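As provided, target_27.pdb (PDB, C-alpha atoms) reads as follows.
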ATOM      1  CA  MET Y 126       3.426  24.350 -39.480
ATOM      2  CA  ARG Y 127       1.341  27.003 -37.772
ATOM      3  CA  LEU Y 128       2.526  30.574 -37.721
ATOM      4  CA  PRO Y 129       2.353  32.641 -34.512
ATOM      5  CA  VAL Y 130      -0.969  34.184 -33.607
ATOM      6  CA  LEU Y 131      -2.629  35.313 -36.868
ATOM      7  CA  ALA Y 132      -0.440  33.785 -39.520
ATOM      8  CA  GLY Y 133      -0.916  30.031 -39.586
ATOM      9  CA  LEU Y 134      -3.984  29.225 -41.666
ATOM     10  CA  THR Y 135      -3.435  32.140 -44.031
ATOM     11  CA  ALA Y 136       0.129  31.202 -44.838
ATOM     12  CA  ALA Y 137      -0.547  27.536 -45.229
ATOM     13  CA  ILE Y 138      -3.593  27.745 -47.140
ATOM     14  CA  ALA Y 139      -5.972  23.169  -9.534
ATOM     15  CA  VAL Y 140      -3.959  20.803  -8.144
ATOM     16  CA  LEU Y 141      -0.594  22.532  -8.360
ATOM     17  CA  ALA Y 142       2.715  20.832  -8.959
ATOM     18  CA  GLY Y 143       5.484  21.024  -6.466
ATOM     19  CA  SER Y 144       5.166  18.051  -4.144
ATOM     20  CA  PRO Y 145       6.650  14.632  -4.846
ATOM     21  CA  ALA Y 146       4.388  11.786  -5.883
ATOM     22  CA  SER Y 147       2.647  10.514  -2.777
ATOM     23  CA  ALA Y 148       1.848   6.976  -1.779
ATOM     24  CA  GLN Y 149      -1.742   7.514  -2.872
ATOM     25  CA  GLN Y 150      -1.466   7.919  -6.632
ATOM     26  CA  PRO Y 151      -4.306   9.354  -8.761
ATOM     27  CA  ALA Y 152      -6.076   6.725 -10.835
ATOM     28  CA  ALA Y 153      -4.660   6.018 -14.274
ATOM     29  CA  GLY Y 154      -6.392   8.185 -16.869
ATOM     30  CA  SER Y 155      -7.349  10.872 -14.365
ATOM     31  CA  GLU Y 156      -6.390  14.474 -15.082
ATOM     32  CA  VAL Y 157      -4.392  16.697 -12.725
ATOM     33  CA  GLU Y 158      -3.856  20.420 -13.218
ATOM     34  CA  LEU Y 159      -0.199  21.436 -12.953
ATOM     35  CA  GLN Y 160       1.740  24.696 -12.937
ATOM     36  CA  ALA Y 161       5.340  25.478 -13.813
ATOM     37  CA  PRO Y 162       7.235  28.725 -13.211
ATOM     38  CA  GLY Y 163       7.120  31.323 -15.973
ATOM     39  CA  PRO Y 164       8.888  34.679 -16.265
ATOM     40  CA  ASN Y 165       6.148  36.809 -14.656
ATOM     41  CA  GLY Y 166       3.558  34.225 -13.650
ATOM     42  CA  ALA Y 167       2.686  30.577 -13.788
ATOM     43  CA  LEU Y 168       2.557  28.320 -16.836
ATOM     44  CA  ALA Y 169      -0.460  26.014 -16.865
ATOM     45  CA  GLY Y 170      -0.900  22.450 -18.040
ATOM     46  CA  THR Y 171      -2.832  19.222 -17.619
ATOM     47  CA  MET Y 172      -1.357  15.851 -16.697
ATOM     48  CA  VAL Y 173      -3.076  12.604 -17.619
ATOM     49  CA  GLU Y 174      -1.932  10.022 -15.098
ATOM     50  CA  ALA Y 175      -0.957   6.455 -16.016
ATOM     51  CA  GLY Y 176       0.048   4.974 -12.660
ATOM     52  CA  ALA Y 177       3.172   5.002 -10.530
ATOM     53  CA  GLY Y 178       6.405   4.682 -12.466
ATOM     54  CA  ALA Y 179       4.815   5.273 -15.870
ATOM     55  CA  PRO Y 180       6.899   7.104 -18.471
ATOM     56  CA  VAL Y 181       5.770  10.677 -19.107
ATOM     57  CA  VAL Y 182       5.462  12.593 -22.397
ATOM     58  CA  LEU Y 183       5.465  16.406 -22.427
ATOM     59  CA  ILE Y 184       3.429  17.628 -25.421
ATOM     60  CA  VAL Y 185       4.780  20.901 -26.871
ATOM     61  CA  PRO Y 186       2.194  22.638 -29.084
ATOM     62  CA  GLY Y 187       2.583  24.087 -32.544
ATOM     63  CA  SER Y 188       2.722  27.806 -33.292
ATOM     64  CA  GLY Y 189       0.122  30.495 -32.942
ATOM     65  CA  PRO Y 190      -2.713  30.513 -30.417
ATOM     66  CA  THR Y 191      -2.765  26.733 -30.067
ATOM     67  CA  ASP Y 192      -3.918  25.643 -26.647
ATOM     68  CA  ARG Y 193      -2.938  22.662 -24.537
ATOM     69  CA  ASN Y 194      -5.565  20.488 -26.218
ATOM     70  CA  GLY Y 195      -4.312  21.313 -29.715
ATOM     71  CA  ASP Y 196      -7.220  23.599 -30.592
ATOM     72  CA  ASN Y 197      -6.690  26.946 -32.286
ATOM     73  CA  PRO Y 198      -9.280  29.727 -32.736
ATOM     74  CA  LEU Y 199      -8.014  30.218 -36.290
ATOM     75  CA  GLY Y 200      -9.556  26.927 -37.332
ATOM     76  CA  VAL Y 201      -8.279  23.788 -35.591
ATOM     77  CA  ALA Y 202     -10.757  21.818 -33.481
ATOM     78  CA  GLY Y 203     -11.145  18.385 -31.985
ATOM     79  CA  GLY Y 204      -8.528  18.429 -29.239
ATOM     80  CA  ILE Y 205      -5.769  16.609 -31.130
ATOM     81  CA  TYR Y 206      -3.304  16.736 -28.193
ATOM     82  CA  ARG Y 207      -5.997  15.695 -25.730
ATOM     83  CA  GLN Y 208      -6.677  12.681 -27.960
ATOM     84  CA  VAL Y 209      -2.973  11.818 -28.044
ATOM     85  CA  ALA Y 210      -2.858  12.073 -24.241
ATOM     86  CA  GLN Y 211      -5.852   9.778 -23.826
ATOM     87  CA  GLY Y 212      -4.408   7.255 -26.245
ATOM     88  CA  LEU Y 213      -1.079   7.223 -24.445
ATOM     89  CA  ALA Y 214      -2.770   6.731 -21.059
ATOM     90  CA  ALA Y 215      -4.515   3.660 -22.471
ATOM     91  CA  ARG Y 216      -1.036   2.285 -23.223
ATOM     92  CA  GLY Y 217       0.331   3.032 -19.739
ATOM     93  CA  ILE Y 218       2.050   6.320 -20.606
ATOM     94  CA  ALA Y 219       1.362   9.550 -18.723
ATOM     95  CA  SER Y 220       1.446  12.923 -20.434
ATOM     96  CA  VAL Y 221       1.408  16.646 -19.789
ATOM     97  CA  ARG Y 222      -0.059  19.053 -22.320
ATOM     98  CA  ILE Y 223       0.591  22.757 -21.860
ATOM     99  CA  ASP Y 224      -0.525  26.276 -22.684
ATOM    100  CA  LYS Y 225       2.298  28.392 -24.087
ATOM    101  CA  ARG Y 226       3.555  31.391 -22.150
ATOM    102  CA  GLY Y 227       1.233  34.368 -22.526
ATOM    103  CA  LEU Y 228      -1.743  32.337 -23.775
ATOM    104  CA  PHE Y 229      -4.837  30.758 -22.205
ATOM    105  CA  GLY Y 230      -4.058  29.336 -18.757
ATOM    106  CA  SER Y 231      -0.475  30.629 -19.054
ATOM    107  CA  HIS Y 232      -1.590  34.202 -19.819
ATOM    108  CA  ALA Y 233       0.080  35.603 -16.694
ATOM    109  CA  ALA Y 234       3.527  34.306 -17.665
ATOM    110  CA  ILE Y 235       4.248  37.285 -19.970
ATOM    111  CA  PRO Y 236       2.244  40.390 -20.914
ATOM    112  CA  ASP Y 237       2.568  39.901 -24.692
ATOM    113  CA  PRO Y 238       2.445  36.360 -26.156
ATOM    114  CA  SER Y 239       4.250  37.596 -29.270
ATOM    115  CA  ASP Y 240       7.246  38.765 -27.226
ATOM    116  CA  VAL Y 241       8.970  35.382 -27.242
ATOM    117  CA  THR Y 242      11.774  33.421 -28.856
ATOM    118  CA  ILE Y 243      12.217  29.736 -29.572
ATOM    119  CA  ALA Y 244      14.814  29.675 -26.784
ATOM    120  CA  ASP Y 245      12.180  31.050 -24.383
ATOM    121  CA  TYR Y 246       9.854  28.168 -25.231
ATOM    122  CA  ALA Y 247      12.755  25.724 -24.821
ATOM    123  CA  ALA Y 248      13.444  27.142 -21.347
ATOM    124  CA  ASP Y 249       9.790  26.545 -20.497
ATOM    125  CA  VAL Y 250      10.199  22.909 -21.582
ATOM    126  CA  HIS Y 251      12.940  22.413 -19.006
ATOM    127  CA  ASN Y 252      10.867  24.143 -16.314
ATOM    128  CA  TRP Y 253       8.009  21.773 -17.088
ATOM    129  CA  ILE Y 254      10.317  18.764 -16.978
ATOM    130  CA  ALA Y 255      11.552  19.772 -13.521
ATOM    131  CA  VAL Y 256       7.961  19.999 -12.285
ATOM    132  CA  ILE Y 257       6.997  16.665 -13.849
ATOM    133  CA  ARG Y 258      10.023  14.857 -12.414
ATOM    134  CA  LYS Y 259       9.214  16.115  -8.940
ATOM    135  CA  HIS Y 260       5.508  15.383  -9.247
ATOM    136  CA  ASN Y 261       5.881  11.863 -10.678
ATOM    137  CA  ALA Y 262       9.308  10.871  -9.378
ATOM    138  CA  VAL Y 263      10.591   9.963 -12.851
ATOM    139  CA  PRO Y 264      14.245  10.314 -13.892
ATOM    140  CA  CYS Y 265      13.502  11.926 -17.244
ATOM    141  CA  VAL Y 266      10.651  13.024 -19.531
ATOM    142  CA  TRP Y 267       9.936  12.381 -23.205
ATOM    143  CA  VAL Y 268       9.363  15.560 -25.237
ATOM    144  CA  MET Y 269       6.850  15.443 -28.077
ATOM    145  CA  GLY Y 270       6.941  18.471 -30.346
ATOM    146  CA  HIS Y 271       4.225  18.926 -32.943
ATOM    147  CA  SER Y 272       4.904  21.172 -35.938
ATOM    148  CA  GLU Y 273       6.791  24.220 -34.637
ATOM    149  CA  GLY Y 274       6.863  22.454 -31.282
ATOM    150  CA  GLY Y 275       9.328  20.039 -32.879
ATOM    151  CA  LEU Y 276      11.797  22.895 -33.338
ATOM    152  CA  VAL Y 277      11.273  23.887 -29.701
ATOM    153  CA  ALA Y 278      11.923  20.287 -28.646
ATOM    154  CA  LEU Y 279      15.147  20.153 -30.677
ATOM    155  CA  VAL Y 280      16.410  23.373 -29.112
ATOM    156  CA  ALA Y 281      15.506  22.148 -25.620
ATOM    157  CA  ALA Y 282      17.346  18.879 -26.317
ATOM    158  CA  GLN Y 283      20.636  20.698 -26.742
ATOM    159  CA  GLN Y 284      20.606  20.412 -22.910
ATOM    160  CA  PRO Y 285      19.494  16.782 -22.822
ATOM    161  CA  GLY Y 286      20.143  15.686 -19.236
ATOM    162  CA  ASP Y 287      16.500  15.488 -18.186
ATOM    163  CA  ILE Y 288      15.082  14.372 -21.562
ATOM    164  CA  CYS Y 289      14.399  10.663 -22.198
ATOM    165  CA  GLY Y 290      14.040  11.179 -25.940
ATOM    166  CA  LEU Y 291      12.397  13.272 -28.655
ATOM    167  CA  LEU Y 292       9.113  12.585 -30.451
ATOM    168  CA  LEU Y 293       9.061  14.870 -33.507
ATOM    169  CA  VAL Y 294       5.591  14.909 -35.057
ATOM    170  CA  SER Y 295       5.014  16.807 -38.323
ATOM    171  CA  SER Y 296       8.237  18.678 -37.594
ATOM    172  CA  MET Y 297      10.316  20.861 -39.885
ATOM    173  CA  GLY Y 298      13.546  19.543 -41.329
ATOM    174  CA  ARG Y 299      14.266  22.828 -43.116
ATOM    175  CA  SER Y 300      14.569  26.315 -41.742
ATOM    176  CA  MET Y 301      11.236  27.893 -40.936
ATOM    177  CA  GLY Y 302      11.787  30.472 -43.664
ATOM    178  CA  GLU Y 303      12.194  27.736 -46.275
ATOM    179  CA  VAL Y 304       9.041  26.015 -45.075
ATOM    180  CA  PHE Y 305       7.037  29.239 -45.181
ATOM    181  CA  ARG Y 306       8.161  29.985 -48.727
ATOM    182  CA  ALA Y 307       7.064  26.509 -49.758
ATOM    183  CA  GLN Y 308       3.694  27.004 -48.048
ATOM    184  CA  PHE Y 309       3.028  30.262 -49.835
ATOM    185  CA  ARG Y 310       4.053  28.803 -53.196
ATOM    186  CA  ALA Y 311       1.950  25.667 -52.732
ATOM    187  CA  ASN Y 312      -1.331  27.592 -52.613
ATOM    188  CA  PRO Y 313      -2.311  29.011 -56.037
ATOM    189  CA  ALA Y 314      -4.521  31.579 -54.329
ATOM    190  CA  ASN Y 315      -1.377  33.285 -53.022
ATOM    191  CA  ALA Y 316      -0.179  34.283 -56.518
ATOM    192  CA  PRO Y 317      -1.067  38.004 -56.153
ATOM    193  CA  ILE Y 318       0.896  38.321 -52.887
ATOM    194  CA  LEU Y 319       3.625  35.742 -53.468
ATOM    195  CA  ALA Y 320       6.419  38.149 -54.429
ATOM    196  CA  ALA Y 321       5.751  40.337 -51.387
ATOM    197  CA  ALA Y 322       5.577  37.299 -49.104
ATOM    198  CA  VAL Y 323       8.890  35.901 -50.350
ATOM    199  CA  SER Y 324      10.674  39.260 -50.114
ATOM    200  CA  THR Y 325       9.397  39.688 -46.539
ATOM    201  CA  ILE Y 326      10.673  36.239 -45.563
ATOM    202  CA  ASP Y 327      14.028  37.094 -47.179
ATOM    203  CA  ALA Y 328      14.276  40.284 -45.114
ATOM    204  CA  LEU Y 329      13.383  38.550 -41.848
ATOM    205  CA  GLU Y 330      15.951  35.828 -42.521
ATOM    206  CA  ALA Y 331      18.540  38.581 -42.903
ATOM    207  CA  GLY Y 332      17.490  40.049 -39.557
ATOM    208  CA  ARG Y 333      15.624  43.045 -41.006
ATOM    209  CA  THR Y 334      12.108  44.045 -40.054
ATOM    210  CA  VAL Y 335       9.546  45.132 -42.620
ATOM    211  CA  ASP Y 336       6.945  47.872 -42.189
ATOM    212  CA  PRO Y 337       3.613  46.007 -42.273
ATOM    213  CA  ALA Y 338       1.953  49.107 -43.760
ATOM    214  CA  THR Y 339       3.916  48.464 -46.958
ATOM    215  CA  LEU Y 340       2.526  44.931 -47.339
ATOM    216  CA  PRO Y 341      -0.647  43.936 -49.169
ATOM    217  CA  SER Y 342      -3.483  42.341 -47.253
ATOM    218  CA  PRO Y 343      -3.410  39.830 -45.608
ATOM    219  CA  LEU Y 344       0.398  39.916 -45.303
ATOM    220  CA  ASP Y 345       0.172  43.009 -43.101
ATOM    221  CA  LYS Y 346      -1.693  40.870 -40.549
ATOM    222  CA  ILE Y 347       0.509  37.798 -40.964
ATOM    223  CA  PHE Y 348       3.767  39.735 -40.593
ATOM    224  CA  TYR Y 349       2.520  42.275 -38.065
ATOM    225  CA  ALA Y 350       5.167  44.301 -36.251
ATOM    226  CA  LYS Y 351       5.282  42.513 -32.892
ATOM    227  CA  VAL Y 352       5.636  39.039 -34.397
ATOM    228  CA  GLN Y 353       8.586  39.941 -36.609
ATOM    229  CA  ARG Y 354      11.095  39.731 -33.741
ATOM    230  CA  TYR Y 355       9.869  36.215 -33.057
ATOM    231  CA  LEU Y 356      10.129  35.234 -36.723
ATOM    232  CA  ILE Y 357      13.642  36.648 -37.092
ATOM    233  CA  ASN Y 358      14.705  34.432 -34.204
ATOM    234  CA  ALA Y 359      12.785  31.366 -35.385
ATOM    235  CA  TYR Y 360      14.143  31.645 -38.935
ATOM    236  CA  SER Y 361      17.716  31.465 -37.607
ATOM    237  CA  TYR Y 362      17.541  27.781 -36.614
ATOM    238  CA  ASP Y 363      18.526  24.829 -38.799
ATOM    239  CA  PRO Y 364      16.631  21.786 -37.495
ATOM    240  CA  THR Y 365      19.061  19.352 -39.127
ATOM    241  CA  LEU Y 366      22.024  20.774 -37.202
ATOM    242  CA  LEU Y 367      20.054  20.496 -33.973
ATOM    243  CA  ALA Y 368      19.009  16.927 -34.779
ATOM    244  CA  ALA Y 369      22.594  15.936 -35.595
ATOM    245  CA  ALA Y 370      23.830  17.346 -32.290
ATOM    246  CA  TYR Y 371      21.310  15.386 -30.217
ATOM    247  CA  LYS Y 372      22.491  11.883 -29.276
ATOM    248  CA  GLY Y 373      19.417  10.446 -27.566
ATOM    249  CA  PRO Y 374      16.461   8.398 -28.862
ATOM    250  CA  MET Y 375      14.339  10.094 -31.500
ATOM    251  CA  LEU Y 376      11.094   9.324 -33.308
ATOM    252  CA  ILE Y 377      10.288  11.177 -36.535
ATOM    253  CA  LEU Y 378       6.601  10.817 -37.357
ATOM    254  CA  GLN Y 379       5.274  12.260 -40.604
ATOM    255  CA  GLY Y 380       1.940  12.044 -42.397
ATOM    256  CA  LYS Y 381       2.114  11.925 -46.178
ATOM    257  CA  ARG Y 382      -1.047  14.046 -46.545
ATOM    258  CA  ASP Y 383       0.551  16.944 -44.644
ATOM    259  CA  LEU Y 384       0.053  20.212 -46.563
ATOM    260  CA  GLN Y 385       2.349  22.228 -44.320
ATOM    261  CA  VAL Y 386       5.388  20.059 -43.577
ATOM    262  CA  ALA Y 387       6.652  17.685 -46.256
ATOM    263  CA  LEU Y 388       8.064  14.169 -46.296
ATOM    264  CA  GLU Y 389      11.273  15.927 -47.349
ATOM    265  CA  ASP Y 390      11.435  17.462 -43.863
ATOM    266  CA  ALA Y 391      11.197  14.062 -42.191
ATOM    267  CA  MET Y 392      13.895  12.640 -44.460
ATOM    268  CA  ARG Y 393      16.225  15.528 -43.689
ATOM    269  CA  LEU Y 394      15.805  14.948 -39.973
ATOM    270  CA  LYS Y 395      16.411  11.230 -40.446
ATOM    271  CA  ASN Y 396      19.573  11.871 -42.473
ATOM    272  CA  ALA Y 397      20.815  14.205 -39.753
ATOM    273  CA  HIS Y 398      20.090  11.637 -37.016
ATOM    274  CA  PRO Y 399      20.456   8.209 -38.677
ATOM    275  CA  ALA Y 400      19.639   6.310 -35.481
ATOM    276  CA  ALA Y 401      16.183   7.906 -35.334
ATOM    277  CA  ARG Y 402      13.085   5.793 -35.906
ATOM    278  CA  LEU Y 403      11.221   7.151 -38.942
ATOM    279  CA  VAL Y 404       7.503   6.398 -39.240
ATOM    280  CA  THR Y 405       5.470   7.684 -42.182
ATOM    281  CA  LEU Y 406       1.695   7.429 -42.332
ATOM    282  CA  ASP Y 407       0.114   7.350 -45.780
ATOM    283  CA  ASP Y 408      -3.225   9.037 -45.061
ATOM    284  CA  VAL Y 409      -2.523  11.422 -42.158
ATOM    285  CA  ASN Y 410      -2.394  15.202 -42.445
ATOM    286  CA  HIS Y 411      -0.709  17.979 -40.471
ATOM    287  CA  VAL Y 412      -3.265  17.957 -37.657
ATOM    288  CA  LEU Y 413      -2.945  14.178 -37.348
ATOM    289  CA  LYS Y 414      -6.338  13.415 -38.867
ATOM    290  CA  PRO Y 415      -7.055  10.781 -41.533
ATOM    291  CA  VAL Y 416      -7.348  12.078 -45.092
ATOM    292  CA  THR Y 417      -7.970  10.167 -48.305
ATOM    293  CA  GLY Y 418      -7.621  11.694 -51.736
ATOM    294  CA  ASP Y 419      -5.670  14.673 -52.997
ATOM    295  CA  SER Y 420      -8.245  17.439 -52.524
ATOM    296  CA  ARG Y 421      -6.598  20.395 -50.783
ATOM    297  CA  GLY Y 422      -9.976  21.747 -49.718
ATOM    298  CA  ALA Y 423     -11.062  18.450 -48.181
ATOM    299  CA  ASN Y 424      -7.753  18.187 -46.333
ATOM    300  CA  ILE Y 425      -8.058  21.678 -44.853
ATOM    301  CA  ALA Y 426     -11.699  21.039 -43.931
ATOM    302  CA  THR Y 427     -10.586  18.339 -41.490
ATOM    303  CA  TYR Y 428      -8.783  20.948 -39.387
ATOM    304  CA  ALA Y 429     -12.040  22.439 -38.110
ATOM    305  CA  ASP Y 430     -14.004  19.180 -37.947
ATOM    306  CA  ALA Y 431     -14.265  18.606 -34.203
ATOM    307  CA  SER Y 432     -16.070  15.305 -34.748
ATOM    308  CA  LEU Y 433     -13.173  13.768 -36.696
ATOM    309  CA  PRO Y 434     -10.715  11.919 -34.414
ATOM    310  CA  ILE Y 435      -7.003  11.719 -35.019
ATOM    311  CA  ASP Y 436      -5.650   8.649 -36.756
ATOM    312  CA  PRO Y 437      -4.937   6.001 -34.073
ATOM    313  CA  ALA Y 438      -1.686   5.136 -35.862
ATOM    314  CA  VAL Y 439      -0.248   8.405 -34.523
ATOM    315  CA  THR Y 440      -0.621   7.412 -30.892
ATOM    316  CA  ASP Y 441       0.423   3.839 -31.655
ATOM    317  CA  ALA Y 442       3.722   5.014 -33.151
ATOM    318  CA  ILE Y 443       4.463   7.289 -30.186
ATOM    319  CA  ALA Y 444       3.590   4.631 -27.600
ATOM    320  CA  THR Y 445       5.647   1.989 -29.411
ATOM    321  CA  MET Y 446       8.700   4.261 -29.368
ATOM    322  CA  VAL Y 447       8.367   5.166 -25.691
ATOM    323  CA  LEU Y 448       7.679   1.636 -24.486
ATOM    324  CA  ALA Y 449      10.530   0.162 -26.557
ATOM    325  CA  GLN Y 450      13.155   2.157 -24.672
ATOM    326  CA  PRO Y 451      14.648   0.814 -21.443
ATOM    327  CA  ARG Y 452      13.534   2.673 -18.324
ATOM    328  CA  ARG Y 453      16.162   5.032 -16.932
TER     329      ARG Y 453
END
structure tokens encoding of this file:
Amino acid sequence: MRLPVLAGLTAAIAVLAGSPASAQQPAAGSEVELQAPGPNGALAGTMVEAGAGAPVVLIVPGSGPTDRNGDNPLGVAGGIYRQVAQGLAARGIASVRIDKRGLFGSHAAIPDPSDVTIADYAADVHNWIAVIRKHNAVPCVWVMGHSEGGLVALVAAQQPGDICGLLLVSSMGRSMGEVFRAQFRANPANAPILAAAVSTIDALEAGRTVDPATLPSPLDKIFYAKVQRYLINAYSYDPTLLAAAYKGPMLILQGKRDLQVALEDAMRLKNAHPAARLVTLDDVNHVLKPVTGDSRGANIATYADASLPIDPAVTDAIATMVLAQPRR
């Protein structure tokens, strides 16, 4: 799970859309730049085509400054979402990966990327789906949420009419506050700041802000003032209640080497939505890369290793789920 803007790593360790698909379709595997409406300006994304009539997956990124490719200037490299998109195209599945409102290509959508809520991101999901359906003439779109993006997908799916199904990858099955507490406690290096971190999370869960000037470093940067409104909102959601309320197809995909979201989270989601397909991958971490051994340092080192590809089992599981469902 990646925290907004500055918090993630510390805590855990154009062709424009708008016209219907034409008779002359772009070649499968080609990339098309798309835009969707945002509050103050356009949202930006990239579609990888897979031919006329192909199912489409919308890839919703994790938290913080994570771009449409899955890269993050705080230490994630290798284009994990771009790799997923390419793998899906090879299986006949199109995809759209997106920049979040206020960031990167979507910077004009809002002035401050921290001035958001989970519901705002969910509204953007539906705007993207409308664009994709018009562009590709498909009846519905699959929504893949990675990490915090899984929570966004679950909230968006409370209005499921245009959603084919959910693909929850490394997604929380506990409240975000519970997950953050577990992340802080899991890293022994956090011992000097643990009490302050936990008390701050407690306050935000209760809807109270905390003066960052009263927090020890680096908590003052993790829980900076502008992000606290976002966290108060995000902490209010119970993913299991959202999963139980959704009645459509669902894949829960979880790596067992994930240092940020646990197998417990996947099991909670599965228990809430018994019809979901649960896939666990023994040697895959939070950023979908292969990891062997129990070294925390070696696991975290894979985040920034741009030369290390994602585990192909990730894309295989997603493609198998999408292709197994009858076309609507």
Quick check on the file I pasted: which residues fall under the PyMOL selection byres ((chain Y and resi 210-223) around 7)? Write them as a list in words. Gly154, Ala169, Gly170, Thr171, Met172, Val173, Glu174, Ala175, Ala179, Pro180, Val181, Val182, Leu183, Ile184, Val185, Arg193, Asn194, Tyr206, Arg207, Gln208, Val209, Asp224, Lys225, Thr440 and Ala444 of chain Y
Polymer residues at most 12 Å from (13.2, 39.0, -41.8) by only C-alpha atoms, as a ChimeraX atom specification: /Y:301-302,322-337,348-350,352-361
Could you list the residues chosen by the PyMOL selection byres ((chain Y and resi 262) around 9) in this structure as a compact mmCIF listing (two decimals) with C-alpha atoms, keeping the file's coordinate frame?
# COMPACT_ATOMS: atom_id res chain seq x y z
CA PRO Y 145 6.65 14.63 -4.85
CA ALA Y 146 4.39 11.79 -5.88
CA ALA Y 177 3.17 5.00 -10.53
CA GLY Y 178 6.40 4.68 -12.47
CA ILE Y 257 7.00 16.66 -13.85
CA ARG Y 258 10.02 14.86 -12.41
CA LYS Y 259 9.21 16.11 -8.94
CA HIS Y 260 5.51 15.38 -9.25
CA ASN Y 261 5.88 11.86 -10.68
CA VAL Y 263 10.59 9.96 -12.85
CA PRO Y 264 14.24 10.31 -13.89
CA CYS Y 265 13.50 11.93 -17.24
The PyMOL selection byres ((chain Y and resi 167) around 9) - which residues does that actually catch in the file I just gave you? List them as a ChimeraX atom specification. /Y:160-166,168-169,226,230-234
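Nearest-residue note for Asn410 (chain Y): choosing from Y:Leu448, Y:Ala429, Y:Met392, Y:Val386, the minimum distance belongs to Y:Val386, counting all atoms listed in the file.
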